[in-house]
Amino acid sequence: MPAPYETPIGSWTRKSTFFWAAVGATVGLANLWQFPYLAGQHGGGLFILLYVACLLLVTLPLMVTEAAIGRHSRHGIVLAMDGYIRSARCSRWWMFAGRLSVIAAFLVLSYTAVFGSIALAYVFYGAFGVFANAGQAEATAVLSGLVSDTRDYKVFMGWHLFFLVLVIWVSIQGVVQGLERVFRALVPASLILLLGLFALAAWHDRLGGAISAILQFRPADVGAGSVKAALFHAFFTLGLGMGVWAIFGAYTPAGVRLKRSVLAVVLMDTLVAILAGVLIFATATTDGSFDGERGFSLLFVSLPVALAPLPGSQFIIAAAFLLVVLVVWTSALALLEPVVGWFREWTGAPRGWSVFIMGVLVWLAGLITLLSFNMWSDIRLAGGTLFRWLELITGGLLIPLVAILIALFTGWCLTRSLSFTIIGNTPRLFGRIWYWVMRLVLPVVVAYIGISYTLFSLDNLCDNNQEEVRWCRQVDPVVADPGVLQPEEVEPAPSADHGVTPTPAVKEGKPQPARHEEDAKPEPAPEKAPKQGDILYHSV
């Protein structure tokens, strides 16, 4: 085995590990339950081109900057910021960029682990035939029984603990023996499994309509909302603003060409999103349309229902959700690392104790999300559950704020020579573009994303709780999405732009029609399953 170079908190031993770890961090649930819907609604192949343009022109420079900060300093984001602040004699207030990024990673991990626990449970549900001949009502009952039933919430807690034990077990073994080995094994394995499911969909002749829906150019479906959707998805899908890229950069050996590796990661993430989009569209739909579904509804209801009639459906459903588990597992490992790295650098504690302590705290914080779906579902703050407010704070405030601070710090606080020293050798044209994007473009664009995301989330709360929330009656809707319209009888809650599944709101004077025959029947579930509008995806 190649000898690793050393940093105070760890290091990779192989040059390619950065690529595999970064792919594991970027490929998340948004690729599975959000991207297919957005591509299908916003012009197919044209949306993908818009998405790639947003990645390259807006989010790639920030991703390179975060990774370069860690690579140059050989520390996590907090100590890295501390060193640069001292070198440039900047205000100590800039330290908030590092500290808030660790808080953001911790909070996002807390609810990412909850989603991972649902997927883990579904692997076993599929293998044991729980979804055999299941229809929409039966699949909804399974989901609500696991997630929302106030009588059996301890079972949900058990799956949550099980998933976090898997994460802690890998992380506690160290950067090389744990993270490096697992990233280099799980990420290729998940890609192989994705290709296997893709081949299965082709075998059952389900890819034709899906490829057309995801890849065909449809200019009539493209508008201002499409550009917004592409921009928001590009920003939130790469795990920016949470210290992940800084810690991965710190672990990376000197011989790695960081900027090329980051570009390769972005392109791989896009390729996986396209493949996953085609696969999900092909397997989770039976009539060639998502019918407004994404998030919980798409992944945990429509997908098992669509796969249930296939021969050997037990194994197919188990394999599909095993893919979801691998995706969330690698994302969770990436999110835990900046938190553990910060704790080790702050306290000097051994890695084993650091991982254990942070893992326990993540489990406790995750109970806020877990119980928000059942025991605490009636606890509402201004119309939102505790989880909704937790998600809004991270997605609408912390992550955009960290990104803005890093951009401003690099572009305005550091000297020009120090900024270019951090970024490393680069073509003159790319360097100039990067520098002015960090100085002028990124702060404005990310501020727009954060404000719009927050306003949309608040507006979404108002749509669902108009009579319950006093301040909702005093303001008009703040965000609308003209690009995602349902049949004229139904007026959707504002938009798909920010990765939120719209909850239909009935127009005055017109009853909302049932979409399926099963919808008109009483649900057999003891509690309602999570609503589509109950979950926002951003960096998951």
# chains A, B, ... in the order shown; residues from 1 in each chain; ligands from 1
call {"tool": "select_by_dssp", "arguments": {"residues": "range 231-388 of chain A", "states": "alpha helix (DSSP H)", "output": "number ranges by chain"}}
result
A: 231-236, 244-251, 258-284, 295-297, 303-307, 313-347, 351-372, 386-388
call {"tool": "residues_around", "arguments": {"residues": "Asp149 in chain A", "least_positions_apart": "2", "cutoff": "6 Å", "atoms": "only C-alpha atoms", "output": "ChimeraX atom specification"}}
result
/A:145,151-152,374,527
call {"tool": "residues_around", "arguments": {"residues": "Ile172 in chain A", "least_positions_apart": "5", "cutoff": "7 Å", "atoms": "only C-alpha atoms", "output": "list in words"}}
result
Arg351, Gly352 and Val355 of chain A
call {"tool": "write_last_selection", "arguments": {"atoms": "N, CA and C atoms", "output": "CSV table (one decimal), in the first residue's frame"}}
result
chain,number,residue,atom,x,y,z
A,351,ARG,N,-9.3,10.1,17.3
A,351,ARG,CA,-10.4,10.0,16.3
A,351,ARG,C,-11.6,9.1,16.8
A,352,GLY,N,-11.3,8.0,17.5
A,352,GLY,CA,-12.3,7.1,17.9
A,352,GLY,C,-13.3,7.8,18.8
A,355,VAL,N,-15.3,10.6,16.8
A,355,VAL,CA,-16.4,10.0,16.0
A,355,VAL,C,-17.6,9.6,16.9
call {"tool": "atom_distance", "arguments": {"atom1": "CA of Gln314 in chain A", "atom2": "CA of Ala134 in chain A"}}
result
11.6 Å
call {"tool": "closest_residue", "arguments": {"among": "A:Ile9, A:Val301, A:Ala25, A:Leu186", "to": "Val265 in chain A", "atoms": "only C-alpha atoms"}}
result
A:Ala25
call {"tool": "closest_residue", "arguments": {"among": "A:Asp459, A:Ala320, A:Ala132, A:Gly424", "to": "Gly384 in chain A", "atoms": "only C-alpha atoms"}}
result
A:Asp459
call {"tool": "atom_distance", "arguments": {"atom1": "CA of Ala105 in chain A", "atom2": "CA of Val182 in chain A"}}
result
20.1 Å
call {"tool": "residues_around", "arguments": {"residues": "range 62-73 of chain A", "least_positions_apart": "3", "cutoff": "6 Å", "atoms": "only C-alpha atoms", "output": "count of residues only"}}
result
9
call {"tool": "closest_residue", "arguments": {"among": "A:Thr426, A:Thr369, A:Thr394, A:Ser297", "to": "Ala139 in chain A", "atoms": "only C-alpha atoms"}}
result
A:Ser297
call {"tool": "closest_residue", "arguments": {"among": "A:Ala202, A:Val340, A:Val445, A:Val256", "to": "Gly10 in chain A", "atoms": "only C-alpha atoms"}}
result
A:Val340
call {"tool": "atom_distance", "arguments": {"atom1": "CA of Leu429 in chain A", "atom2": "CA of Ala407 in chain A"}}
result
18.8 Å
call {"tool": "residues_around", "arguments": {"residues": "Pro8 in chain A", "least_positions_apart": "6", "cutoff": "9 Å", "atoms": "only C-alpha atoms", "output": "mmCIF file with C-alpha atoms, in the first residue's frame"}}
result
data_model
loop_
_atom_site.group_PDB
_atom_site.id
_atom_site.type_symbol
_atom_site.label_atom_id
_atom_site.label_comp_id
_atom_site.auth_asym_id
_atom_site.auth_seq_id
_atom_site.Cartn_x
_atom_site.Cartn_y
_atom_site.Cartn_z
ATOM 1 C CA ARG A 74 -3.924 21.145 5.330
ATOM 2 C CA HIS A 75 -6.678 21.775 7.890
ATOM 3 C CA GLU A 345 -8.573 20.040 15.810
#
call {"tool": "residues_around", "arguments": {"residues": "Ala97 in chain A", "least_positions_apart": "2", "cutoff": "6 Å", "atoms": "only C-alpha atoms", "output": "PyMOL selection string"}}
result
chain A and resi 94-95+99-100+402+405
call {"tool": "write_last_selection", "arguments": {"atoms": "N, CA, C and O atoms", "output": "short mmCIF file (atom, residue, chain, number, x, y, z; two decimals), in the first residue's frame"}}
result
data_model
loop_
_atom_site.label_atom_id
_atom_site.label_comp_id
_atom_site.auth_asym_id
_atom_site.auth_seq_id
_atom_site.Cartn_x
_atom_site.Cartn_y
_atom_site.Cartn_z
N TRP A 94 -14.68 36.92 10.35
CA TRP A 94 -14.70 35.98 9.24
C TRP A 94 -14.67 34.53 9.71
O TRP A 94 -14.99 33.61 8.94
N MET A 95 -14.30 34.30 10.97
CA MET A 95 -14.29 32.93 11.51
C MET A 95 -15.68 32.29 11.46
O MET A 95 -15.81 31.07 11.47
N ARG A 99 -17.13 28.25 11.21
CA ARG A 99 -17.96 27.67 12.27
C ARG A 99 -19.37 27.36 11.79
O ARG A 99 -19.94 26.31 12.12
N LEU A 100 -19.95 28.26 11.02
CA LEU A 100 -21.30 28.02 10.51
C LEU A 100 -21.33 26.86 9.53
O LEU A 100 -22.33 26.13 9.45
N VAL A 402 -22.73 30.83 4.41
CA VAL A 402 -21.34 30.34 4.38
C VAL A 402 -20.74 30.54 2.99
O VAL A 402 -19.60 31.00 2.85
N LEU A 405 -19.94 34.19 2.48
CA LEU A 405 -18.79 34.62 3.27
C LEU A 405 -17.48 34.12 2.68
O LEU A 405 -16.48 34.86 2.63
#
call {"tool": "residues_around", "arguments": {"residues": "Val123 in chain A", "least_positions_apart": "2", "cutoff": "7 Å", "atoms": "only C-alpha atoms", "output": "list in words"}}
result
Ala119, Leu120, Ala121, Tyr125, Gly126, Ala127, Ala318, Phe321 and Leu322 of chain A
call {"tool": "closest_residue", "arguments": {"among": "A:Phe315, A:Phe131, A:Phe18, A:Tyr122", "to": "Val147 in chain A", "atoms": "only C-alpha atoms"}}
result
A:Tyr122
call {"tool": "closest_residue", "arguments": {"among": "A:Ser91, A:Val176, A:Thr150, A:Thr7", "to": "Leu371 in chain A", "atoms": "only C-alpha atoms"}}
result
A:Thr150
